[in-house]
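Notes follow once the structure below has been shown.
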Amino acid sequence: MTTTQPATGGSDQTGSDGTPDARKLRTILIAVSIALMAVIASVTGLNVAQTHMAVEFSASQSTILWIINIYTLTLAALLLPLGAIADRLGRKPMLVAGLGVFGIANLVAGLAPTAEVMLAARVAAGVGAAMIMPITLAVITSTFPVDQRSKAIGVWTGVAGGGGILGMFLSALLVDVADWRWLFALPVALVLVALAMTLTSVPNSHEKSVHRFDTVGALVSTVAVISLIFMLQEGPERGWTDPATVVSLVVGLLTAAGFVIWELRRRDAALLDVRLFREGSLAGGSITLLVVFGVQAGISVVMFPFFQAVLGWSGLLSTVAMMPMAGIMMLSSGLAPLLAARVGVRSTMATGIAIAGLGMALMALFVSVDGGFLSILPGMLAMGIGMGLSMTPSTEAITASLPREKQGVASALNDVTREFGTALGIALLGALVSAGYRSAIEDRLGGIPEAAAETAREGIANATSVAPSTGPYAEDLVRAAQQSFVDGWQQAMWAGTAVMGVLFIYIALRGPKTMPRSGNEETVAAELAAAP
């Protein structure tokens, strides 16, 4: 048995039923969106400063990748436990504390004298981000009335989906006009604004439960997430048969299975009631977000080598080229609730998935070295529209499947799904592009000196860097590498199209027809009682 403490806020800005008025709701939405933007921007921002950090810290590429990835690993691992703690102790205090930890960690990172200090600061930033990210969505779902909740979730989804690209653009701009350490000024500034708005505008709510906190479930879930995300991040670098990769996979699968078994035993006292996955809304929303975010992340990773190594663009111009997809994604995320109200949740999700799949097919069909940016622009725009239309109803399907007093956990589950999808997409689509490149370039290396050819087989960046040393073969080698990368790109895009096709069929047949009513404890209790 649980009870939810009502949101508290200024009485002059609330209606007779305790719901904040329209002006207060807008302020709340702006506050949590800015906080979310700070977290999302920090996921991608450091990618544009890899070379600068390697030089300043005299660090290996492996160390630099750990500085980047440890943030995401920590964030993903702690989302569920901290989301559940926030449900009990209060969502506003958790958000305020998270903003404080996150801001201080980024300030330390910006001043870090060594790679070790930077690593520690990134871990602390990941902890702060895990305190912030699930609460931003939980505040929306626990505060906004039902008739306005979908639109607010659409805004949140747009920031979550497009914020990474926007953050990378702003980071690249700071690197170009100032210094790489100024990258951390962006999240610090966002945190200060979000903190001021949170303290004055965001209401508090929390759950009172007669059950003890599920400490075992929290610890097991943390180990499972760390192991699986580590495997996906390190697999492409170490090799999929490397002992560390294999051990991580085995530990991750075993602890994930153990988590499910433990949570089934805990039932109403569980950290996450896994019985709810038997409902179409939670399963359909989770699977859609996993795939869509995986595809988005995978595409982003392979687009930057295309812009930089194939088209010869700078890092800043490459991020600008991604902005049309991010912008239209954020726009369609906001429009998705309106479409869902007209044609239904399932139809909206299926339409978005179909359009995103069409976008991948367009990129596979028309991408070319000579066609440049315009050869992939139609596919990028279709991808942005499709992802925006599918992400918003999927996010709401997840949060609406859990009762109101569990919205911290629901939001954390939504975020964990996104992080898994991102890691999975980068690993798999990146591997497909690399395999396709190596296969295609083999037949194009005739006449190239063997030492240079061996270097070129490692990747397009290696090929372009070694080309000047081959004398009269330089132009042929660069052209061969560019065309081989495009061939690998096409292979990955067709694989992504096939995955989106399977997802479309699943959602068309099993996706949620209507949105569950979050907060209706009697409905949730009835669903659980009917579950075997």
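Ligands are numbered from 1 in the order shown, residues from 1 within each chain, and chains are lettered A, B, ... in the order they appear in the structure tokens.
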Wanna dump the range 134-217 of chain A-range 78-93 of chain A contacts at 7 Å for me, each residue with its shortest atom pair and the distance in Å to one decimal, counting only C-alpha atoms, ordered by chain and number, as CSV?
residue,atom,partner,partner_atom,distance
A:Pro134,CA,A:Gly83,CA,6.0
A:Ile135,CA,A:Arg91,CA,6.1
A:Val202,CA,A:Lys92,CA,6.9
A:Pro203,CA,A:Lys92,CA,6.7
A:Asn204,CA,A:Lys92,CA,4.9
A:Ser205,CA,A:Gly90,CA,5.6
A:His206,CA,A:Gly90,CA,4.5
A:Glu207,CA,A:Arg88,CA,4.8
A:Lys208,CA,A:Arg88,CA,6.1
- Task: Within 10 Å of Thr395 in chain A, counting only C-alpha atoms, which residues show up once you throw out same-chain ones fewer than 5 positions away? Write them as a PyMOL selection string, please.
- Result: chain A and resi 137+150+153-154+156-157+281-282+285-286+288-289+390+400+410-411+413-415+418
- Test item: residues at most 12 Å from range 459-462 of chain A, only C-alpha atoms, excluding those fewer than 5 positions along its chain, as a PyMOL selection string: chain A and resi 302+304-312+430-431+433-442+451-454+467-469+477-489
- Counting only C-alpha atoms, figure out which residue out of A:Arg26, A:Arg275, A:Arg404, A:Arg267 gets nearest to Val146 in chain A. A:Arg404
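Excluding Thr44 in chain A itself and any same-chain residue fewer than 3 positions from it, the protein and nucleic acid residues within 8 Å of it, counting only C-alpha atoms, are Ile40, Ala41, Asn47, Gly164, Ile165, Gly167 and Met168 of chain A.
In terms of minimum interatomic distance to Gln233 in chain A, A:Leu249 ranks closest within A:Gly357, A:Ile140, A:Gly446, A:Leu249, counting only C-alpha atoms.
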- DSSP alpha helix (DSSP H) residues within range 334-388 of chain A, as a VMD selection string: chain A and resid 334 to 343 345 to 366 377 to 388
Test item: residues at most 12 Å from range 256-263 of chain A, only C-alpha atoms, excluding those fewer than 3 positions along its chain, as a PDB file with N, CA, C and O atoms, in the first residue's frame:
ATOM      1  N   ASP A 214      13.852  -1.653  -1.886  1.00  0.00           N
ATOM      2  CA  ASP A 214      14.366  -2.888  -2.489  1.00  0.00           C
ATOM      3  C   ASP A 214      15.870  -2.742  -2.756  1.00  0.00           C
ATOM      4  O   ASP A 214      16.303  -2.535  -3.892  1.00  0.00           O
ATOM      5  N   THR A 215      16.660  -2.881  -1.681  1.00  0.00           N
ATOM      6  CA  THR A 215      18.105  -2.699  -1.789  1.00  0.00           C
ATOM      7  C   THR A 215      18.742  -3.747  -2.689  1.00  0.00           C
ATOM      8  O   THR A 215      19.608  -3.431  -3.517  1.00  0.00           O
ATOM      9  N   VAL A 216      18.318  -4.996  -2.552  1.00  0.00           N
ATOM     10  CA  VAL A 216      18.885  -6.070  -3.380  1.00  0.00           C
ATOM     11  C   VAL A 216      18.595  -5.808  -4.854  1.00  0.00           C
ATOM     12  O   VAL A 216      19.475  -5.917  -5.718  1.00  0.00           O
ATOM     13  N   GLY A 217      17.352  -5.450  -5.154  1.00  0.00           N
ATOM     14  CA  GLY A 217      17.000  -5.159  -6.539  1.00  0.00           C
ATOM     15  C   GLY A 217      17.805  -4.001  -7.095  1.00  0.00           C
ATOM     16  O   GLY A 217      18.238  -4.026  -8.252  1.00  0.00           O
ATOM     17  N   ALA A 218      18.027  -2.971  -6.282  1.00  0.00           N
ATOM     18  CA  ALA A 218      18.800  -1.816  -6.727  1.00  0.00           C
ATOM     19  C   ALA A 218      20.243  -2.209  -7.042  1.00  0.00           C
ATOM     20  O   ALA A 218      20.805  -1.805  -8.071  1.00  0.00           O
ATOM     21  N   LEU A 219      20.856  -3.002  -6.154  1.00  0.00           N
ATOM     22  CA  LEU A 219      22.241  -3.411  -6.367  1.00  0.00           C
ATOM     23  C   LEU A 219      22.380  -4.332  -7.574  1.00  0.00           C
ATOM     24  O   LEU A 219      23.297  -4.167  -8.397  1.00  0.00           O
ATOM     25  N   VAL A 220      21.474  -5.281  -7.696  1.00  0.00           N
ATOM     26  CA  VAL A 220      21.546  -6.230  -8.827  1.00  0.00           C
ATOM     27  C   VAL A 220      21.325  -5.507 -10.150  1.00  0.00           C
ATOM     28  O   VAL A 220      22.008  -5.772 -11.148  1.00  0.00           O
ATOM     29  N   SER A 221      20.367  -4.588 -10.177  1.00  0.00           N
ATOM     30  CA  SER A 221      20.123  -3.847 -11.416  1.00  0.00           C
ATOM     31  C   SER A 221      21.327  -3.002 -11.799  1.00  0.00           C
ATOM     32  O   SER A 221      21.662  -2.870 -12.985  1.00  0.00           O
ATOM     33  N   THR A 222      22.010  -2.446 -10.800  1.00  0.00           N
ATOM     34  CA  THR A 222      23.191  -1.637 -11.072  1.00  0.00           C
ATOM     35  C   THR A 222      24.293  -2.469 -11.703  1.00  0.00           C
ATOM     36  O   THR A 222      24.926  -2.064 -12.691  1.00  0.00           O
ATOM     37  N   VAL A 223      24.531  -3.656 -11.143  1.00  0.00           N
ATOM     38  CA  VAL A 223      25.553  -4.555 -11.700  1.00  0.00           C
ATOM     39  C   VAL A 223      25.186  -4.977 -13.116  1.00  0.00           C
ATOM     40  O   VAL A 223      26.038  -5.012 -14.017  1.00  0.00           O
ATOM     41  N   ALA A 224      23.920  -5.291 -13.350  1.00  0.00           N
ATOM     42  CA  ALA A 224      23.475  -5.724 -14.676  1.00  0.00           C
ATOM     43  C   ALA A 224      23.686  -4.631 -15.712  1.00  0.00           C
ATOM     44  O   ALA A 224      24.210  -4.867 -16.811  1.00  0.00           O
ATOM     45  N   VAL A 225      23.300  -3.408 -15.369  1.00  0.00           N
ATOM     46  CA  VAL A 225      23.427  -2.296 -16.315  1.00  0.00           C
ATOM     47  C   VAL A 225      24.894  -1.992 -16.588  1.00  0.00           C
ATOM     48  O   VAL A 225      25.300  -1.807 -17.746  1.00  0.00           O
ATOM     49  N   ILE A 226      25.723  -1.945 -15.534  1.00  0.00           N
ATOM     50  CA  ILE A 226      27.148  -1.677 -15.723  1.00  0.00           C
ATOM     51  C   ILE A 226      27.771  -2.727 -16.642  1.00  0.00           C
ATOM     52  O   ILE A 226      28.511  -2.398 -17.582  1.00  0.00           O
ATOM     53  N   SER A 227      27.465  -3.978 -16.402  1.00  0.00           N
ATOM     54  CA  SER A 227      28.069  -5.061 -17.188  1.00  0.00           C
ATOM     55  C   SER A 227      27.664  -4.993 -18.651  1.00  0.00           C
ATOM     56  O   SER A 227      28.503  -5.114 -19.560  1.00  0.00           O
ATOM     57  N   LEU A 228      26.379  -4.797 -18.914  1.00  0.00           N
ATOM     58  CA  LEU A 228      25.897  -4.809 -20.297  1.00  0.00           C
ATOM     59  C   LEU A 228      26.338  -3.560 -21.059  1.00  0.00           C
ATOM     60  O   LEU A 228      26.732  -3.645 -22.238  1.00  0.00           O
ATOM     61  N   SER A 248      31.832  -9.650 -19.202  1.00  0.00           N
ATOM     62  CA  SER A 248      30.823  -8.615 -18.972  1.00  0.00           C
ATOM     63  C   SER A 248      29.461  -9.049 -19.489  1.00  0.00           C
ATOM     64  O   SER A 248      28.436  -8.816 -18.838  1.00  0.00           O
ATOM     65  N   LEU A 249      29.444  -9.675 -20.651  1.00  0.00           N
ATOM     66  CA  LEU A 249      28.174 -10.151 -21.210  1.00  0.00           C
ATOM     67  C   LEU A 249      27.544 -11.212 -20.313  1.00  0.00           C
ATOM     68  O   LEU A 249      26.348 -11.155 -20.011  1.00  0.00           O
ATOM     69  N   VAL A 250      28.356 -12.170 -19.875  1.00  0.00           N
ATOM     70  CA  VAL A 250      27.832 -13.257 -19.035  1.00  0.00           C
ATOM     71  C   VAL A 250      27.316 -12.697 -17.707  1.00  0.00           C
ATOM     72  O   VAL A 250      26.211 -13.040 -17.263  1.00  0.00           O
ATOM     73  N   VAL A 251      28.105 -11.838 -17.066  1.00  0.00           N
ATOM     74  CA  VAL A 251      27.682 -11.255 -15.790  1.00  0.00           C
ATOM     75  C   VAL A 251      26.415 -10.434 -15.984  1.00  0.00           C
ATOM     76  O   VAL A 251      25.478 -10.497 -15.165  1.00  0.00           O
ATOM     77  N   GLY A 252      26.368  -9.661 -17.069  1.00  0.00           N
ATOM     78  CA  GLY A 252      25.196  -8.840 -17.330  1.00  0.00           C
ATOM     79  C   GLY A 252      23.935  -9.658 -17.527  1.00  0.00           C
ATOM     80  O   GLY A 252      22.878  -9.338 -16.971  1.00  0.00           O
ATOM     81  N   LEU A 253      24.027 -10.726 -18.308  1.00  0.00           N
ATOM     82  CA  LEU A 253      22.854 -11.571 -18.556  1.00  0.00           C
ATOM     83  C   LEU A 253      22.407 -12.295 -17.289  1.00  0.00           C
ATOM     84  O   LEU A 253      21.205 -12.402 -17.007  1.00  0.00           O
ATOM     85  N   ARG A 266       9.340 -10.215  -5.162  1.00  0.00           N
ATOM     86  CA  ARG A 266       8.993  -9.053  -4.338  1.00  0.00           C
ATOM     87  C   ARG A 266       7.589  -8.530  -4.641  1.00  0.00           C
ATOM     88  O   ARG A 266       6.975  -7.873  -3.805  1.00  0.00           O
ATOM     89  N   ARG A 267       7.118  -8.716  -5.854  1.00  0.00           N
ATOM     90  CA  ARG A 267       5.792  -8.288  -6.309  1.00  0.00           C
ATOM     91  C   ARG A 267       5.536  -6.819  -5.972  1.00  0.00           C
ATOM     92  O   ARG A 267       6.215  -5.938  -6.474  1.00  0.00           O
ATOM     93  N   ASP A 268       4.614  -6.518  -5.101  1.00  0.00           N
ATOM     94  CA  ASP A 268       4.248  -5.128  -4.803  1.00  0.00           C
ATOM     95  C   ASP A 268       5.374  -4.341  -4.130  1.00  0.00           C
ATOM     96  O   ASP A 268       5.361  -3.118  -4.125  1.00  0.00           O
ATOM     97  N   ALA A 269       6.346  -5.044  -3.548  1.00  0.00           N
ATOM     98  CA  ALA A 269       7.462  -4.367  -2.885  1.00  0.00           C
ATOM     99  C   ALA A 269       8.680  -4.253  -3.792  1.00  0.00           C
ATOM    100  O   ALA A 269       9.759  -3.881  -3.344  1.00  0.00           O
ATOM    101  N   ALA A 270       8.525  -4.559  -5.083  1.00  0.00           N
ATOM    102  CA  ALA A 270       9.649  -4.578  -6.005  1.00  0.00           C
ATOM    103  C   ALA A 270      10.113  -3.175  -6.363  1.00  0.00           C
ATOM    104  O   ALA A 270       9.338  -2.214  -6.334  1.00  0.00           O
ATOM    105  N   LEU A 271      11.393  -3.056  -6.698  1.00  0.00           N
ATOM    106  CA  LEU A 271      11.917  -1.805  -7.235  1.00  0.00           C
ATOM    107  C   LEU A 271      11.201  -1.475  -8.541  1.00  0.00           C
ATOM    108  O   LEU A 271      10.787  -0.341  -8.777  1.00  0.00           O
ATOM    109  N   LEU A 272      11.056  -2.483  -9.406  1.00  0.00           N
ATOM    110  CA  LEU A 272      10.331  -2.360 -10.668  1.00  0.00           C
ATOM    111  C   LEU A 272       9.478  -3.604 -10.832  1.00  0.00           C
ATOM    112  O   LEU A 272      10.012  -4.712 -10.911  1.00  0.00           O
ATOM    113  N   ASP A 273       8.175  -3.432 -10.864  1.00  0.00           N
ATOM    114  CA  ASP A 273       7.272  -4.577 -11.001  1.00  0.00           C
ATOM    115  C   ASP A 273       7.317  -5.070 -12.443  1.00  0.00           C
ATOM    116  O   ASP A 273       6.656  -4.534 -13.335  1.00  0.00           O
ATOM    117  N   VAL A 274       8.125  -6.110 -12.684  1.00  0.00           N
ATOM    118  CA  VAL A 274       8.344  -6.587 -14.049  1.00  0.00           C
ATOM    119  C   VAL A 274       7.108  -7.255 -14.637  1.00  0.00           C
ATOM    120  O   VAL A 274       7.051  -7.485 -15.849  1.00  0.00           O
ATOM    121  N   ARG A 275       6.108  -7.548 -13.807  1.00  0.00           N
ATOM    122  CA  ARG A 275       4.868  -8.120 -14.342  1.00  0.00           C
ATOM    123  C   ARG A 275       4.169  -7.164 -15.294  1.00  0.00           C
ATOM    124  O   ARG A 275       3.419  -7.579 -16.187  1.00  0.00           O
ATOM    125  N   LEU A 276       4.437  -5.870 -15.132  1.00  0.00           N
ATOM    126  CA  LEU A 276       3.791  -4.876 -15.985  1.00  0.00           C
ATOM    127  C   LEU A 276       4.249  -4.964 -17.433  1.00  0.00           C
ATOM    128  O   LEU A 276       3.599  -4.431 -18.328  1.00  0.00           O
ATOM    129  N   PHE A 277       5.385  -5.630 -17.685  1.00  0.00           N
ATOM    130  CA  PHE A 277       5.845  -5.788 -19.061  1.00  0.00           C
ATOM    131  C   PHE A 277       4.929  -6.702 -19.865  1.00  0.00           C
ATOM    132  O   PHE A 277       5.031  -6.757 -21.092  1.00  0.00           O
TER     133      PHE A 277
END
- Message: Give me, as a list in words, all polymer residues having an atom no more than 10 Å from Leu25 in chain A, counting only C-alpha atoms and skipping those fewer than 2 positions away in the same chain.
- Response: Gln13, Thr14, Thr19, Pro20, Asp21, Ala22, Arg23, Thr27, Ile28, Leu29, Ile30, Ala31, Ile140, Thr143, Phe144, Pro145, Gln148, Ala152, Ser201 and Val202 of chain A
Same residues, C-alpha atoms, output as a PDB file, in the first residue's frame:
ATOM      1  CA  GLN A  13      -0.451  29.780  -8.726  1.00  0.00           C
ATOM      2  CA  THR A  14      -2.601  26.706  -8.248  1.00  0.00           C
ATOM      3  CA  THR A  19      -3.043  21.752  -9.979  1.00  0.00           C
ATOM      4  CA  PRO A  20      -0.595  24.554 -10.867  1.00  0.00           C
ATOM      5  CA  ASP A  21      -2.019  27.139 -13.257  1.00  0.00           C
ATOM      6  CA  ALA A  22      -0.935  27.470 -16.901  1.00  0.00           C
ATOM      7  CA  ARG A  23       1.806  29.991 -16.160  1.00  0.00           C
ATOM      8  CA  THR A  27       7.732  27.582 -15.856  1.00  0.00           C
ATOM      9  CA  ILE A  28       8.002  24.024 -14.527  1.00  0.00           C
ATOM     10  CA  LEU A  29       8.363  22.660 -18.064  1.00  0.00           C
ATOM     11  CA  ILE A  30      11.075  25.195 -18.918  1.00  0.00           C
ATOM     12  CA  ALA A  31      12.956  24.405 -15.708  1.00  0.00           C
ATOM     13  CA  ILE A 140       6.003  16.347 -15.596  1.00  0.00           C
ATOM     14  CA  THR A 143       2.405  17.492 -11.913  1.00  0.00           C
ATOM     15  CA  PHE A 144       0.727  18.091 -15.267  1.00  0.00           C
ATOM     16  CA  PRO A 145      -2.994  17.275 -15.601  1.00  0.00           C
ATOM     17  CA  GLN A 148      -1.826  18.608 -20.870  1.00  0.00           C
ATOM     18  CA  ALA A 152       4.599  18.396 -22.034  1.00  0.00           C
ATOM     19  CA  SER A 201       8.809  26.975  -9.290  1.00  0.00           C
ATOM     20  CA  VAL A 202       9.021  23.172  -9.244  1.00  0.00           C
TER      21      VAL A 202
END
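From CA of Gly421 in chain A back to CA of Thr136 in chain A, the distance works out to 19.9 Å.
You can rank A:Met360, A:Val295, A:Val108, A:Val55 by their closest distance to Ala125 in chain A using only C-alpha atoms, and at the top of that list sits A:Val108.
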- Message: Quick check for you: according to DSSP on this backbone, which residues of range 120-241 of chain A are classed as strand (DSSP E)? Reply as a PyMOL selection string.
- Response: chain A and resi 204-209
So that I have them on file, write out the residues from the current selection with all heavy atoms, as a PDB file, in the first residue's frame.
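Output file selection.pdb follows:
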ATOM      1  N   ASN A 204       7.044  19.825  -5.097  1.00  0.00           N
ATOM      2  CA  ASN A 204       7.580  18.558  -4.607  1.00  0.00           C
ATOM      3  C   ASN A 204       6.468  17.533  -4.484  1.00  0.00           C
ATOM      4  O   ASN A 204       5.308  17.872  -4.246  1.00  0.00           O
ATOM      5  CB  ASN A 204       8.258  18.746  -3.250  1.00  0.00           C
ATOM      6  CG  ASN A 204       8.982  17.484  -2.806  1.00  0.00           C
ATOM      7  OD1 ASN A 204       9.439  16.707  -3.638  1.00  0.00           O
ATOM      8  ND2 ASN A 204       9.080  17.279  -1.513  1.00  0.00           N
ATOM      9  N   SER A 205       6.819  16.291  -4.678  1.00  0.00           N
ATOM     10  CA  SER A 205       5.888  15.184  -4.446  1.00  0.00           C
ATOM     11  C   SER A 205       6.712  13.958  -4.102  1.00  0.00           C
ATOM     12  O   SER A 205       7.861  13.835  -4.511  1.00  0.00           O
ATOM     13  CB  SER A 205       5.035  14.915  -5.701  1.00  0.00           C
ATOM     14  OG  SER A 205       5.852  14.570  -6.808  1.00  0.00           O
ATOM     15  N   HIS A 206       6.139  13.069  -3.316  1.00  0.00           N
ATOM     16  CA  HIS A 206       6.850  11.846  -2.963  1.00  0.00           C
ATOM     17  C   HIS A 206       5.865  10.790  -2.501  1.00  0.00           C
ATOM     18  O   HIS A 206       4.699  11.066  -2.199  1.00  0.00           O
ATOM     19  CB  HIS A 206       7.904  12.100  -1.893  1.00  0.00           C
ATOM     20  CG  HIS A 206       7.353  12.567  -0.581  1.00  0.00           C
ATOM     21  ND1 HIS A 206       6.987  11.708   0.423  1.00  0.00           N
ATOM     22  CD2 HIS A 206       7.104  13.816  -0.111  1.00  0.00           C
ATOM     23  CE1 HIS A 206       6.534  12.403   1.460  1.00  0.00           C
ATOM     24  NE2 HIS A 206       6.600  13.690   1.167  1.00  0.00           N
ATOM     25  N   GLU A 207       6.361   9.566  -2.439  1.00  0.00           N
ATOM     26  CA  GLU A 207       5.559   8.403  -2.069  1.00  0.00           C
ATOM     27  C   GLU A 207       5.857   8.005  -0.630  1.00  0.00           C
ATOM     28  O   GLU A 207       6.996   8.116  -0.169  1.00  0.00           O
ATOM     29  CB  GLU A 207       5.907   7.241  -3.015  1.00  0.00           C
ATOM     30  CG  GLU A 207       5.457   5.886  -2.529  1.00  0.00           C
ATOM     31  CD  GLU A 207       6.254   4.766  -3.172  1.00  0.00           C
ATOM     32  OE1 GLU A 207       7.194   5.038  -3.927  1.00  0.00           O
ATOM     33  OE2 GLU A 207       5.931   3.604  -2.881  1.00  0.00           O
ATOM     34  N   LYS A 208       4.837   7.562   0.068  1.00  0.00           N
ATOM     35  CA  LYS A 208       5.039   6.908   1.367  1.00  0.00           C
ATOM     36  C   LYS A 208       4.676   5.443   1.198  1.00  0.00           C
ATOM     37  O   LYS A 208       3.565   5.120   0.804  1.00  0.00           O
ATOM     38  CB  LYS A 208       4.175   7.553   2.446  1.00  0.00           C
ATOM     39  CG  LYS A 208       4.729   8.867   2.983  1.00  0.00           C
ATOM     40  CD  LYS A 208       3.962   9.323   4.201  1.00  0.00           C
ATOM     41  CE  LYS A 208       4.598  10.569   4.808  1.00  0.00           C
ATOM     42  NZ  LYS A 208       3.847  11.026   6.015  1.00  0.00           N
ATOM     43  N   SER A 209       5.606   4.576   1.480  1.00  0.00           N
ATOM     44  CA  SER A 209       5.388   3.149   1.258  1.00  0.00           C
ATOM     45  C   SER A 209       5.555   2.370   2.559  1.00  0.00           C
ATOM     46  O   SER A 209       6.418   2.693   3.377  1.00  0.00           O
ATOM     47  CB  SER A 209       6.377   2.617   0.217  1.00  0.00           C
ATOM     48  OG  SER A 209       6.226   1.228   0.048  1.00  0.00           O
TER      49      SER A 209
END
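One finds CA of Val191 in chain A at 10.8 Å from CA of Ala129 in chain A.
Of the residues under consideration (A:Ala49, A:Leu331, A:Ala397, A:Val416), A:Ala397 shows the shortest atom-to-atom contact distance to Met349 in chain A when counting only C-alpha atoms.
Counting only C-alpha atoms and comparing A:Leu503, A:Ala427, A:Leu65, A:Val466, the residue that lies closest to Pro236 in chain A is A:Ala427.
Distance check against Asp147 in chain A using only C-alpha atoms: of A:Ala35, A:Leu338, A:Met231, A:Thr200, the minimum falls on A:Leu338.
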